[in-house]
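For reference, start34.cif (mmCIF, C-alpha atoms (C1' of nucleotides)):
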```cif
data_input
#
loop_
_atom_site.label_atom_id
_atom_site.label_comp_id
_atom_site.auth_asym_id
_atom_site.auth_seq_id
_atom_site.Cartn_x
_atom_site.Cartn_y
_atom_site.Cartn_z
CA MET H 1 90.79 65.48 94.15
CA LYS H 2 93.07 68.03 95.81
CA ILE H 3 94.78 70.93 94.07
CA ALA H 4 97.30 73.21 95.76
CA THR H 5 99.26 76.34 94.87
CA TRP H 6 102.51 77.56 96.41
CA ASN H 7 104.89 80.38 95.55
CA VAL H 8 108.18 78.78 96.65
CA ASN H 9 110.49 81.76 96.00
CA SER H 10 113.28 79.64 94.43
CA LEU H 11 112.72 75.93 93.87
CA ALA H 12 116.46 75.34 94.14
CA VAL H 13 116.33 76.44 97.79
CA ARG H 14 112.89 75.05 98.57
CA LEU H 15 112.93 71.62 96.85
CA PRO H 16 113.48 69.69 100.11
CA GLN H 17 110.56 71.57 101.69
CA VAL H 18 108.36 70.86 98.65
CA LEU H 19 109.19 67.14 98.85
CA ASP H 20 108.50 67.08 102.59
CA TRP H 21 105.24 68.93 102.07
CA LEU H 22 104.10 66.56 99.32
CA ALA H 23 104.90 63.56 101.51
CA ALA H 24 102.66 65.02 104.20
CA ASN H 25 100.10 66.42 101.74
CA PRO H 26 99.81 64.01 98.81
CA VAL H 27 97.70 66.34 96.65
CA ASP H 28 96.77 65.36 93.10
CA ALA H 29 98.30 68.54 91.68
CA LEU H 30 100.63 71.21 93.05
CA CYS H 31 101.15 74.48 91.18
CA LEU H 32 104.41 76.28 91.89
CA GLN H 33 105.43 79.86 91.21
CA GLU H 34 108.73 81.75 91.34
CA LEU H 35 110.85 78.74 90.46
CA LYS H 36 113.72 81.13 89.64
CA LEU H 37 115.44 78.50 87.55
CA SER H 38 115.75 77.56 83.89
CA ASP H 39 114.08 74.39 82.58
CA ASP H 40 117.41 72.52 82.43
CA LYS H 41 117.80 73.00 86.20
CA PHE H 42 114.28 71.79 87.05
CA PRO H 43 114.35 68.74 89.40
CA LEU H 44 112.26 66.43 87.19
CA GLU H 45 113.77 63.22 88.60
CA ALA H 46 113.29 64.08 92.27
CA LEU H 47 109.65 64.96 91.63
CA ALA H 48 109.09 61.87 89.48
CA ALA H 49 110.43 59.78 92.37
CA ALA H 50 107.84 61.50 94.57
CA GLY H 51 105.14 60.48 92.08
CA TYR H 52 104.65 63.67 90.09
CA GLN H 53 104.89 64.55 86.42
CA CYS H 54 105.53 68.16 85.55
CA ALA H 55 104.57 70.84 83.08
CA VAL H 56 107.41 73.33 83.44
CA PHE H 57 107.88 76.87 82.19
CA GLY H 58 111.05 78.13 83.82
CA GLN H 59 113.19 81.24 83.61
CA LYS H 60 116.59 82.06 84.98
CA THR H 61 116.66 84.23 88.13
CA TYR H 62 113.06 85.46 88.01
CA ASN H 63 109.53 84.08 87.63
CA GLY H 64 109.00 80.50 86.41
CA VAL H 65 105.95 78.29 87.00
CA ALA H 66 105.19 74.57 87.02
CA ILE H 67 102.29 72.17 87.40
CA LEU H 68 103.11 68.96 89.28
CA SER H 69 100.51 66.25 88.74
CA ARG H 70 100.00 62.61 89.66
CA THR H 71 98.53 62.06 86.19
CA PRO H 72 100.30 63.31 83.05
CA PRO H 73 99.49 66.97 82.35
CA ARG H 74 98.50 67.37 78.69
CA ASP H 75 97.70 70.14 76.20
CA ILE H 76 100.26 72.34 77.91
CA VAL H 77 100.16 76.07 77.17
CA LYS H 78 102.93 78.45 78.24
CA ASN H 79 102.07 82.09 78.96
CA ILE H 80 98.93 83.86 77.80
CA ASN H 81 97.72 83.09 74.29
CA GLY H 82 97.52 86.37 72.39
CA PHE H 83 99.69 88.30 74.85
CA SER H 84 103.38 88.53 74.06
CA ASP H 85 105.48 88.31 77.23
CA GLU H 86 109.21 88.02 77.87
CA GLN H 87 108.57 86.65 81.35
CA SER H 88 107.57 83.08 82.27
CA ARG H 89 104.43 83.61 84.30
CA VAL H 90 101.74 81.15 83.22
CA VAL H 91 101.50 77.44 82.52
CA ALA H 92 98.23 75.67 81.79
CA ALA H 93 97.42 71.98 81.40
CA THR H 94 94.55 69.53 81.25
CA LEU H 95 94.41 66.83 83.91
CA ASP H 96 92.49 63.61 83.50
CA THR H 97 90.50 62.29 86.43
CA PRO H 98 88.17 59.31 86.79
CA GLN H 99 85.32 61.85 86.61
CA GLY H 100 86.53 63.49 83.44
CA GLU H 101 88.99 66.20 82.55
CA LEU H 102 89.81 69.41 84.31
CA ARG H 103 91.66 72.43 82.95
CA LEU H 104 94.22 74.04 85.26
CA VAL H 105 95.81 77.47 84.79
CA ASN H 106 98.75 78.38 87.04
CA GLY H 107 99.87 82.02 87.16
CA TYR H 108 102.53 84.13 88.77
CA PHE H 109 100.85 87.50 88.40
CA VAL H 110 102.88 90.67 87.94
CA ASN H 111 103.88 92.43 91.16
CA GLY H 112 103.61 95.95 89.78
CA GLN H 113 105.91 97.76 92.24
CA ALA H 114 103.80 100.93 92.69
CA PRO H 115 100.98 102.78 90.95
CA GLY H 116 102.30 105.13 88.30
CA THR H 117 105.32 103.01 87.36
CA ASP H 118 105.98 101.14 84.11
CA LYS H 119 105.72 97.89 86.06
CA PHE H 120 102.25 98.83 87.24
CA GLU H 121 101.17 99.55 83.65
CA TYR H 122 102.59 96.15 82.65
CA LYS H 123 100.58 94.56 85.47
CA LEU H 124 97.32 96.07 84.17
CA ARG H 125 98.07 95.13 80.53
CA TRP H 126 98.98 91.62 81.65
CA LEU H 127 95.70 91.32 83.55
CA ASP H 128 93.77 92.52 80.47
CA GLY H 129 95.52 89.90 78.34
CA LEU H 130 94.81 87.22 80.92
CA ARG H 131 91.10 88.06 81.05
CA THR H 132 90.71 87.90 77.27
CA TRP H 133 92.45 84.54 77.18
CA LEU H 134 90.60 83.09 80.20
CA LYS H 135 87.29 83.97 78.60
CA ALA H 136 88.20 81.67 75.70
CA GLU H 137 89.62 79.02 78.05
CA LEU H 138 86.35 78.99 79.99
CA ALA H 139 84.34 78.59 76.81
CA ALA H 140 86.53 75.64 75.78
CA HIS H 141 86.86 74.16 79.27
CA PRO H 142 83.84 74.69 81.55
CA ARG H 143 85.69 72.80 84.32
CA LEU H 144 88.40 75.42 84.86
CA VAL H 145 90.60 76.12 87.88
CA VAL H 146 92.81 79.22 87.96
CA VAL H 147 95.42 79.27 90.72
CA GLY H 148 98.52 81.14 91.68
CA ASP H 149 100.12 84.16 93.25
CA PHE H 150 97.77 86.93 92.13
CA ASN H 151 99.65 89.76 93.84
CA ILE H 152 96.34 91.54 94.54
CA THR H 153 94.28 91.62 97.72
CA MET H 154 90.67 90.97 96.83
CA ASP H 155 89.21 93.15 99.59
CA ASP H 156 90.00 94.64 102.99
CA ARG H 157 89.74 91.27 104.74
CA ASP H 158 92.83 90.17 102.83
CA THR H 159 95.28 92.64 104.36
CA TYR H 160 96.67 93.30 107.82
CA ASP H 161 96.28 97.07 107.41
CA ALA H 162 93.45 98.08 105.09
CA GLU H 163 93.58 101.74 106.13
CA GLY H 164 97.33 102.24 106.17
CA LEU H 165 97.85 100.44 102.86
CA ARG H 166 94.88 101.90 100.99
CA GLU H 167 95.66 102.50 97.29
CA THR H 168 99.20 101.15 97.67
CA ILE H 169 100.45 98.24 95.55
CA HIS H 170 98.32 95.08 95.89
CA HIS H 171 95.54 97.24 97.35
CA THR H 172 94.62 99.70 94.61
CA THR H 173 91.10 100.06 93.28
CA GLU H 174 92.48 99.54 89.77
CA GLU H 175 94.03 96.17 90.63
CA ARG H 176 90.91 95.05 92.46
CA GLU H 177 88.71 96.07 89.51
CA HIS H 178 90.88 93.98 87.21
CA LEU H 179 90.58 91.03 89.57
CA LYS H 180 86.80 91.51 89.69
CA GLY H 181 86.90 91.43 85.91
CA LEU H 182 88.38 87.94 86.09
CA LEU H 183 85.76 86.82 88.59
CA GLY H 184 83.10 88.33 86.32
CA LEU H 185 83.95 85.75 83.67
CA GLY H 186 82.35 83.19 85.97
CA LEU H 187 85.08 82.36 88.48
CA HIS H 188 84.83 82.09 92.25
CA ASP H 189 87.36 82.46 95.06
CA ALA H 190 87.27 78.95 96.58
CA PHE H 191 88.53 80.25 99.94
CA ARG H 192 85.50 82.51 100.43
CA LEU H 193 83.04 79.75 99.61
CA PHE H 194 83.57 78.69 103.22
CA GLU H 195 83.67 80.27 106.63
CA GLN H 196 87.28 81.15 107.39
CA PRO H 197 89.26 82.41 110.36
CA GLU H 198 89.67 86.20 110.47
CA LYS H 199 93.06 87.56 109.41
CA SER H 200 93.81 84.62 107.11
CA TYR H 201 96.83 85.40 104.95
CA SER H 202 99.05 83.53 102.50
CA TRP H 203 102.11 85.81 102.49
CA TRP H 204 104.16 87.56 105.18
CA ASP H 205 107.19 89.79 104.71
CA TYR H 206 110.49 88.31 105.87
CA ARG H 207 111.20 91.52 107.79
CA GLU H 208 110.00 92.88 111.11
CA PHE H 209 108.77 89.52 112.43
CA ALA H 210 105.78 89.90 110.12
CA PHE H 211 104.74 86.24 110.40
CA ARG H 212 104.96 86.20 114.19
CA ARG H 213 102.85 89.37 114.29
CA ASN H 214 100.54 88.05 111.54
CA ARG H 215 101.10 91.14 109.42
CA GLY H 216 100.34 89.48 106.10
CA LEU H 217 98.36 89.56 102.89
CA ARG H 218 96.13 87.01 101.22
CA ILE H 219 97.25 87.13 97.60
CA ASP H 220 97.38 83.44 96.65
CA TYR H 221 94.09 82.17 95.32
CA ILE H 222 92.28 79.19 93.85
CA LEU H 223 89.49 80.29 91.51
CA VAL H 224 86.92 77.80 90.25
CA SER H 225 84.48 78.05 87.37
CA ASP H 226 80.68 78.09 87.76
CA THR H 227 80.58 74.45 86.68
CA LEU H 228 83.08 73.37 89.35
CA LYS H 229 81.77 75.51 92.18
CA PRO H 230 79.35 72.87 93.54
CA SER H 231 82.22 70.35 93.62
CA VAL H 232 84.46 72.33 95.98
CA LYS H 233 84.44 70.73 99.42
CA SER H 234 87.04 72.82 101.23
CA CYS H 235 89.75 75.43 100.78
CA VAL H 236 92.42 76.02 103.39
CA ILE H 237 95.71 77.84 103.84
CA ASP H 238 98.54 75.74 105.30
CA LYS H 239 100.62 78.09 107.43
CA LEU H 240 102.93 75.36 108.73
CA PRO H 241 105.69 75.68 106.08
CA ARG H 242 106.17 79.33 107.09
CA LYS H 243 107.69 77.97 110.32
CA ASN H 244 110.34 75.99 108.45
CA GLU H 245 114.00 76.94 108.43
CA ARG H 246 114.54 79.18 105.39
CA PRO H 247 110.84 79.35 104.52
CA SER H 248 109.25 80.81 101.43
CA ASP H 249 107.45 84.05 102.25
CA HIS H 250 104.28 82.43 100.78
CA VAL H 251 102.47 79.32 102.05
CA PRO H 252 100.36 76.71 100.20
CA VAL H 253 96.63 77.04 99.57
CA ILE H 254 94.75 73.77 99.05
CA ALA H 255 91.30 73.11 97.59
CA GLU H 256 89.49 69.78 97.75
CA PHE H 257 87.03 68.78 95.03
CA ASP H 258 84.41 66.09 94.94
CA LEU H 259 84.03 65.93 91.18
CA LEU H 260 80.71 64.86 89.77
CA SER H 261 80.92 62.37 86.97
CA LYS H 262 80.31 63.87 83.59
CA ALA H 263 77.00 62.59 82.26
"C1'" DA I 264 111.42 109.19 105.64
"C1'" DT I 265 113.92 105.00 105.19
"C1'" DG I 266 114.93 100.26 105.75
"C1'" DA I 267 114.12 96.21 107.68
"C1'" DC I 268 114.86 90.09 104.83
"C1'" DG I 269 115.90 86.85 101.44
"C1'" DG I 270 117.02 85.12 96.61
"C1'" DT I 271 119.91 85.65 92.40
"C1'" DG I 272 123.91 86.86 89.87
"C1'" DT I 273 127.77 88.46 90.16
"C1'" DG I 274 131.14 90.84 92.52
"C1'" DG I 275 132.63 93.19 96.97
"C1'" DC I 276 127.40 95.09 95.57
"C1'" DA I 277 122.66 95.95 92.71
"C1'" DC I 278 118.17 94.46 91.63
"C1'" DC I 279 113.84 92.53 92.73
"C1'" DG I 280 110.03 91.00 95.45
"C1'" DA I 281 105.23 92.42 98.09
#
```

Turn this file's structure into structure tokens for me.
Amino acid sequence: MKIATWNVNSLAVRLPQVLDWLAANPVDALCLQELKLSDDKFPLEALAAAGYQCAVFGQKTYNGVAILSRTPPRDIVKNINGFSDEQSRVVAATLDTPQGELRLVNGYFVNGQAPGTDKFEYKLRWLDGLRTWLKAELAAHPRLVVVGDFNITMDDRDTYDAEGLRETIHHTTEEREHLKGLLGLGLHDAFRLFEQPEKSYSWWDYREFAFRRNRGLRIDYILVSDTLKPSVKSCVIDKLPRKNERPSDHVPVIAEFDLLSKA
DNA sequence: ATGACGGTGTGGCACCGA
């Protein structure tokens, strides 16, 4: 069982790259963020032809998330239960596997612009709402995976310039405390369950040859619940799509599970 | 100190992202 997450920064532009990637990486589920298109523009047919069914929560111009799955996603929830939001940032679904069901939450976390701004306050409120909801999701679904573009570096290993960017957006103590709050519910960063290359990032700015110079951030994560933790066999970042023509600024993160049959 | 690149929507640019 393989699950991947990828912020595509416009599915309209990136659809051919997503189809190419899926052909080369036939994962069981792919979670997309920043679709930047309304539901009526979502390429359901092209993805069905590639073998995927979709739970879609789109929005014109900004945001928008989707879960692509080889088996039909069911019990779909859009956005955070109990947190009113104008923006399409979360879609959740249950996937059925031969070893039982698995709950998947896909989020495009708030960017937050800069500490002290209204957007930053929204980011913190959004994170509070997410934590309250995920606590209930975990209680209902012990086999929980939370993926997406978190827009927070977890610690200094996740940034190309820990000193220079200290307490700037994506690096503030407040954001990291909120992220720790999520992990404190009983979730684990799949990537750090394994030895990883130093300076591993999932996003690079389009400007200043940031990718070539590996000036990036790791802000795209796959979190797994306590129950699933022993089933995780690997977690890797696929940097290859960043070399494409007209790439997304983010690249896919993939986790492989060896699910144990439910007794 | 600022902008740098890229996407969208619209309009000759502004806004947003991270």

Just want the 6 Å neighbourhood of segment 264-277 of chain I, counted on all atoms listed in the file, with same-chain residues fewer than 5 positions away dropped. Output as a PDB file with C-alpha atoms, in the frame of the given file.
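The result, stored in result39.pdb:
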```
ATOM      1  CA  THR H  61     116.660  84.230  88.130  1.00  0.00           C
ATOM      2  CA  TYR H 206     110.490  88.310 105.870  1.00  0.00           C
ATOM      3  CA  ARG H 207     111.200  91.520 107.790  1.00  0.00           C
TER       4      ARG H 207
END
```

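Residues from chain H found within 10 Å of chain I are Asn9, Ser10, Val13, Lys36, Leu37, Lys60, Thr61, Tyr62, Asn111, Gly112, Gln113, Asn151, Ile152, Ile169, His170, Trp203, Trp204, Asp205, Tyr206, Arg207, Glu208, Phe209, Gly216, Leu217, Ile219, Arg246, Pro247, Ser248 and Asp249 of chain H, counting all atoms listed in the file.
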
Q.
From the options H:Arg215, H:Arg74, H:Lys243, H:Arg125, which residue's atoms come nearest to Glu174 of chain H, counting all atoms listed in the file?
A. H:Arg125

**Q.** Shell of 9 Å around Leu47 of chain H, all atoms listed in the file, local chain residues under 6 positions omitted, as a ChimeraX atom specification
**A.** /H:19,53-54,68

Assuming 5 Å of padding per side, give the centre and edge lengths of the axis-aligned box around every listed atom of segment 117-136 of chain H, in Å to one decimal and as AutoDock Vina command-line options.
```
--center_x 96.6 --center_y 92.3 --center_z 81.5 --size_x 28.7 --size_y 31.3 --size_z 21.7
```

Q: Can you pull out every residue within 8 Å of Arg70 of chain H, counting only C-alpha atoms (C1' of nucleotides), but drop anything in the same chain fewer than 3 positions away, and send it as JSON, numbers by chain?
A: {"H": [28, 29, 51, 52, 53]}

**Q.** Picked residues, the PyMOL selection byres ((chain H and resi 157) around 10), as a list of chain:residue names
**A.**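 On the file shown, the PyMOL selection byres ((chain H and resi 157) around 10) covers H:Thr153, H:Met154, H:Asp155, H:Asp156, H:Asp158, H:Thr159, H:Tyr160, H:Asp161, H:Ala162, H:Glu198, H:Lys199, H:Ser200, H:Tyr201, H:Leu217, H:Arg218.
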
Q | Within-9 Å shell of (86.4, 77.9, 84.3) in input frame, all atoms listed in the file, as a list in words | A |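 Checked against the point, the hits come out as Arg103, Leu104, Leu134, Lys135, Glu137, Leu138, Ala139, Ala140, His141, Pro142, Arg143, Leu144, Val145, Val146, Leu185, Gly186, Leu187, Leu223, Val224, Ser225, Asp226, Thr227 and Leu228 of chain H.
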
Could you save those same residues with C-alpha atoms as a compact mmCIF listing (two decimals), in the coordinates of the input?
```
# COMPACT_ATOMS: atom_id res chain seq x y z
CA ARG H 103 91.66 72.43 82.95
CA LEU H 104 94.22 74.04 85.26
CA LEU H 134 90.60 83.09 80.20
CA LYS H 135 87.29 83.97 78.60
CA GLU H 137 89.62 79.02 78.05
CA LEU H 138 86.35 78.99 79.99
CA ALA H 139 84.34 78.59 76.81
CA ALA H 140 86.53 75.64 75.78
CA HIS H 141 86.86 74.16 79.27
CA PRO H 142 83.84 74.69 81.55
CA ARG H 143 85.69 72.80 84.32
CA LEU H 144 88.40 75.42 84.86
CA VAL H 145 90.60 76.12 87.88
CA VAL H 146 92.81 79.22 87.96
CA LEU H 185 83.95 85.75 83.67
CA GLY H 186 82.35 83.19 85.97
CA LEU H 187 85.08 82.36 88.48
CA LEU H 223 89.49 80.29 91.51
CA VAL H 224 86.92 77.80 90.25
CA SER H 225 84.48 78.05 87.37
CA ASP H 226 80.68 78.09 87.76
CA THR H 227 80.58 74.45 86.68
CA LEU H 228 83.08 73.37 89.35
```

Q: Just give me the gap between atom CA of Ala114 of chain H and atom CA of Leu165 of chain H in Å, one decimal is fine.
A: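 Interatomic distance here is 11.8 Å.
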
Q: Name the closest residue to Thr94 of chain H among the candidates H:Asn214, H:Gln33, H:Ser69, H:Asn63; distances are taken between atoms, counting all atoms listed in the file.
A: H:Ser69

(Q) Excluding Val91 of chain H and its own-chain neighbours fewer than 4 positions away, which residues fall within 6 Å of it when counting all atoms listed in the file? Please give them as a ChimeraX atom specification. (A) /H:77-79,106
